[in-house]
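Peer 1: This is the structure I want to talk about, given as structure tokens.
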Amino acid sequence: MSEYTPLTRISDQPLDPDEVEEAVTGPQHGAVVVFTGKVRDHDAGQAVSALEYSAHPEAGKFLARVCAEMTAESGLPVAAVHRIGSLTVGDPAIAVAVAAPHRREAFTICAELVDRIKHEVPIWKRQLFADGMSEWVNACG
């Protein structure tokens, strides 16, 4: 697996979860877990109308590093793409895939990868509420 380079991208274009699945699929893997995070219509009891994602200019490098580290640590292929710009309810904001010989390992690594992306990649989310108010989520830190 040392020659594998994970698919990673920060994009202002709509995401295709099939792309991340195809990037990790192989005959040696019996399990492929794909996580698609979508814009939901609520947060903490408030109606959400849209989200705006912005990213640091080097966010793509952070994403590539996290994915490369996960691949090196687990020996499994991973892929992750994250959307920036304006999104509406139902739009995919992130798509992540992990392939493994068995499902438990694929699920575990996929969850760890999503958590690391959320904590280590400088992408910020602004929630727009139905009442016209907005708030930045996890913008500090």
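The chains in the structure tokens are called A, B, ... from first to last as shown; in each chain the residues are counted from 1, and the ligands are counted from 1 in the order shown.
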Using DSSP on the backbone, list every residue of segment 21-51 of chain A that comes out as strand (DSSP E or B), and give them as a tab-separated table (two decimals) with N, CA and C atoms, in the first residue's frame.

Peer 2:
```tsv
chain	number	residue	atom	x	y	z
A	31	ALA	N	-15.10	-4.77	1.97
A	31	ALA	CA	-15.95	-3.73	2.54
A	31	ALA	C	-15.48	-2.36	2.05
A	32	VAL	N	-16.42	-1.56	1.62
A	32	VAL	CA	-16.16	-0.16	1.33
A	32	VAL	C	-17.22	0.64	2.08
A	33	VAL	N	-16.75	1.51	2.96
A	33	VAL	CA	-17.65	2.38	3.71
A	33	VAL	C	-17.53	3.78	3.13
A	34	VAL	N	-18.67	4.34	2.76
A	34	VAL	CA	-18.73	5.70	2.23
A	34	VAL	C	-19.59	6.53	3.18
A	35	PHE	N	-19.03	7.64	3.63
A	35	PHE	CA	-19.78	8.57	4.47
A	35	PHE	C	-20.01	9.84	3.65
A	36	THR	N	-21.25	10.26	3.60
A	36	THR	CA	-21.60	11.52	2.95
A	36	THR	C	-22.27	12.41	3.99
A	37	GLY	N	-21.62	13.50	4.32
A	37	GLY	CA	-22.20	14.47	5.24
A	37	GLY	C	-22.97	15.50	4.44
A	38	LYS	N	-24.26	15.64	4.75
A	38	LYS	CA	-25.13	16.55	4.01
A	38	LYS	C	-25.60	17.69	4.90
A	42	HIS	N	-31.70	21.71	10.29
A	42	HIS	CA	-31.82	22.19	11.66
A	42	HIS	C	-30.49	22.04	12.40
A	43	ASP	N	-30.35	22.81	13.45
A	43	ASP	CA	-29.21	22.67	14.36
A	43	ASP	C	-29.59	23.32	15.68
A	46	GLN	N	-32.85	25.18	15.89
A	46	GLN	CA	-33.10	26.27	14.95
A	46	GLN	C	-33.19	25.73	13.53
A	47	ALA	N	-34.05	26.33	12.72
A	47	ALA	CA	-34.19	25.94	11.32
A	47	ALA	C	-33.03	26.52	10.52
A	48	VAL	N	-32.30	25.65	9.83
A	48	VAL	CA	-31.18	26.05	8.99
A	48	VAL	C	-31.65	26.12	7.55
A	49	SER	N	-31.32	27.23	6.88
A	49	SER	CA	-31.73	27.38	5.48
A	49	SER	C	-30.59	27.09	4.51
A	50	ALA	N	-29.34	27.29	4.96
A	50	ALA	CA	-28.18	27.07	4.08
A	50	ALA	C	-26.91	27.09	4.91
A	51	LEU	N	-25.81	26.68	4.30
A	51	LEU	CA	-24.49	26.75	4.91
A	51	LEU	C	-23.54	27.39	3.92
```

Peer 1: Using only C-alpha atoms, which residues sit within 12 Å of segment 14-20 of chain A once same-chain residues fewer than 3 positions away are excluded, as an mmCIF file with N, CA and C atoms, in the first residue's frame?

Peer 2:
```cif
data_model
loop_
_atom_site.group_PDB
_atom_site.id
_atom_site.type_symbol
_atom_site.label_atom_id
_atom_site.label_comp_id
_atom_site.auth_asym_id
_atom_site.auth_seq_id
_atom_site.Cartn_x
_atom_site.Cartn_y
_atom_site.Cartn_z
ATOM 1 N N PRO A 6 -3.886 8.806 -1.734
ATOM 2 C CA PRO A 6 -5.318 9.018 -1.533
ATOM 3 C C PRO A 6 -5.886 10.117 -2.430
ATOM 4 N N LEU A 7 -7.130 9.944 -2.840
ATOM 5 C CA LEU A 7 -7.869 10.997 -3.523
ATOM 6 C C LEU A 7 -8.281 12.010 -2.466
ATOM 7 N N THR A 8 -7.860 13.250 -2.615
ATOM 8 C CA THR A 8 -8.269 14.318 -1.708
ATOM 9 C C THR A 8 -8.513 15.571 -2.537
ATOM 10 N N ARG A 9 -9.523 16.352 -2.120
ATOM 11 C CA ARG A 9 -9.807 17.577 -2.855
ATOM 12 C C ARG A 9 -10.736 18.471 -2.037
ATOM 13 N N ILE A 10 -10.476 19.761 -2.118
ATOM 14 C CA ILE A 10 -11.388 20.781 -1.633
ATOM 15 C C ILE A 10 -11.973 21.385 -2.904
ATOM 16 N N SER A 11 -13.305 21.466 -2.991
ATOM 17 C CA SER A 11 -13.919 21.877 -4.249
ATOM 18 C C SER A 11 -15.105 22.807 -4.042
ATOM 19 N N ALA A 23 -12.444 5.439 -5.881
ATOM 20 C CA ALA A 23 -11.029 5.687 -5.610
ATOM 21 C C ALA A 23 -10.410 4.673 -4.656
ATOM 22 N N VAL A 24 -11.223 4.002 -3.846
ATOM 23 C CA VAL A 24 -10.683 3.061 -2.856
ATOM 24 C C VAL A 24 -11.019 1.601 -3.152
ATOM 25 N N THR A 25 -11.955 1.368 -4.047
ATOM 26 C CA THR A 25 -12.414 0.005 -4.324
ATOM 27 C C THR A 25 -11.322 -0.833 -4.968
ATOM 28 N N VAL A 32 -16.422 -1.564 1.623
ATOM 29 C CA VAL A 32 -16.165 -0.156 1.327
ATOM 30 C C VAL A 32 -17.216 0.642 2.084
ATOM 31 N N VAL A 33 -16.752 1.514 2.960
ATOM 32 C CA VAL A 33 -17.647 2.377 3.706
ATOM 33 C C VAL A 33 -17.529 3.780 3.126
ATOM 34 N N VAL A 34 -18.674 4.336 2.756
ATOM 35 C CA VAL A 34 -18.733 5.699 2.230
ATOM 36 C C VAL A 34 -19.588 6.526 3.183
ATOM 37 N N PHE A 35 -19.028 7.638 3.631
ATOM 38 C CA PHE A 35 -19.776 8.573 4.466
ATOM 39 C C PHE A 35 -20.009 9.836 3.655
ATOM 40 N N THR A 36 -21.253 10.257 3.596
ATOM 41 C CA THR A 36 -21.599 11.517 2.952
ATOM 42 C C THR A 36 -22.266 12.406 3.993
ATOM 43 N N GLY A 37 -21.622 13.503 4.316
ATOM 44 C CA GLY A 37 -22.200 14.472 5.239
ATOM 45 C C GLY A 37 -22.975 15.503 4.436
ATOM 46 N N LYS A 38 -24.257 15.639 4.749
ATOM 47 C CA LYS A 38 -25.130 16.553 4.011
ATOM 48 C C LYS A 38 -25.604 17.692 4.902
ATOM 49 N N PRO A 77 -6.762 2.046 1.879
ATOM 50 C CA PRO A 77 -6.990 3.191 1.012
ATOM 51 C C PRO A 77 -8.134 4.051 1.549
ATOM 52 N N VAL A 78 -7.942 5.365 1.498
ATOM 53 C CA VAL A 78 -8.963 6.318 1.919
ATOM 54 C C VAL A 78 -9.097 7.381 0.839
ATOM 55 N N ALA A 79 -10.236 8.049 0.832
ATOM 56 C CA ALA A 79 -10.471 9.169 -0.078
ATOM 57 C C ALA A 79 -11.376 10.161 0.628
ATOM 58 N N ALA A 80 -11.166 11.456 0.369
ATOM 59 C CA ALA A 80 -12.005 12.478 0.992
ATOM 60 C C ALA A 80 -12.061 13.711 0.106
ATOM 61 N N VAL A 81 -13.269 14.199 -0.095
ATOM 62 C CA VAL A 81 -13.472 15.460 -0.797
ATOM 63 C C VAL A 81 -14.407 16.318 0.056
ATOM 64 N N HIS A 82 -14.117 17.613 0.115
ATOM 65 C CA HIS A 82 -14.913 18.530 0.929
ATOM 66 C C HIS A 82 -15.332 19.708 0.080
ATOM 67 N N ARG A 83 -16.544 20.108 0.234
ATOM 68 C CA ARG A 83 -17.121 21.203 -0.533
ATOM 69 C C ARG A 83 -16.897 22.527 0.201
ATOM 70 N N ILE A 84 -16.683 23.590 -0.560
ATOM 71 C CA ILE A 84 -16.681 24.943 -0.024
ATOM 72 C C ILE A 84 -17.661 25.765 -0.841
ATOM 73 N N GLY A 85 -18.023 26.915 -0.314
ATOM 74 C CA GLY A 85 -18.987 27.771 -0.992
ATOM 75 C C GLY A 85 -20.356 27.645 -0.353
ATOM 76 N N SER A 86 -21.371 28.092 -1.087
ATOM 77 C CA SER A 86 -22.746 28.081 -0.593
ATOM 78 C C SER A 86 -23.416 26.750 -0.892
ATOM 79 N N LEU A 87 -24.019 26.170 0.139
ATOM 80 C CA LEU A 87 -24.736 24.908 -0.001
ATOM 81 C C LEU A 87 -26.138 25.067 0.560
ATOM 82 N N THR A 88 -27.063 24.325 -0.002
ATOM 83 C CA THR A 88 -28.431 24.341 0.496
ATOM 84 C C THR A 88 -28.735 23.018 1.186
ATOM 85 N N GLY A 90 -29.642 19.500 2.068
ATOM 86 C CA GLY A 90 -29.578 18.285 1.260
ATOM 87 C C GLY A 90 -28.314 18.146 0.445
ATOM 88 N N ASP A 91 -27.574 19.232 0.242
ATOM 89 C CA ASP A 91 -26.332 19.158 -0.536
ATOM 90 C C ASP A 91 -25.259 18.394 0.235
ATOM 91 N N PRO A 92 -24.488 17.547 -0.440
ATOM 92 C CA PRO A 92 -23.336 16.916 0.214
ATOM 93 C C PRO A 92 -22.244 17.949 0.504
ATOM 94 N N ALA A 93 -21.743 17.957 1.740
ATOM 95 C CA ALA A 93 -20.667 18.857 2.136
ATOM 96 C C ALA A 93 -19.326 18.126 2.192
ATOM 97 N N ILE A 94 -19.369 16.829 2.469
ATOM 98 C CA ILE A 94 -18.153 16.019 2.544
ATOM 99 C C ILE A 94 -18.497 14.605 2.109
ATOM 100 N N ALA A 95 -17.553 13.982 1.420
ATOM 101 C CA ALA A 95 -17.687 12.570 1.054
ATOM 102 C C ALA A 95 -16.353 11.890 1.358
ATOM 103 N N VAL A 96 -16.418 10.820 2.124
ATOM 104 C CA VAL A 96 -15.232 10.094 2.579
ATOM 105 C C VAL A 96 -15.455 8.618 2.326
ATOM 106 N N ALA A 97 -14.410 7.916 1.895
ATOM 107 C CA ALA A 97 -14.513 6.468 1.695
ATOM 108 C C ALA A 97 -13.275 5.770 2.228
ATOM 109 N N VAL A 98 -13.492 4.566 2.728
ATOM 110 C CA VAL A 98 -12.418 3.694 3.205
ATOM 111 C C VAL A 98 -12.754 2.283 2.761
ATOM 112 N N ALA A 99 -11.751 1.573 2.262
ATOM 113 C CA ALA A 99 -11.934 0.171 1.889
ATOM 114 C C ALA A 99 -11.067 -0.699 2.790
ATOM 115 N N CYS A 110 -13.108 4.917 8.817
ATOM 116 C CA CYS A 110 -13.911 5.980 8.214
ATOM 117 C C CYS A 110 -14.327 7.002 9.280
#
```

Peer 1: Name the closest residue to Gln127 of chain A among the candidates A:Glu22, A:Glu52, A:Asp12, A:Asp41; distances are taken between atoms, counting only C-alpha atoms.

Peer 2: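 Between A:Glu22, A:Glu52, A:Asp12, A:Asp41, the residue approaching Gln127 of chain A most closely is A:Glu52.
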
Peer 1: Let's see if you can do this: from backbone DSSP, list all alpha helix (DSSP H) residues in chain A, as an MDAnalysis selection string.

Peer 2: chainID A and resid 17:24 59:74 103:120
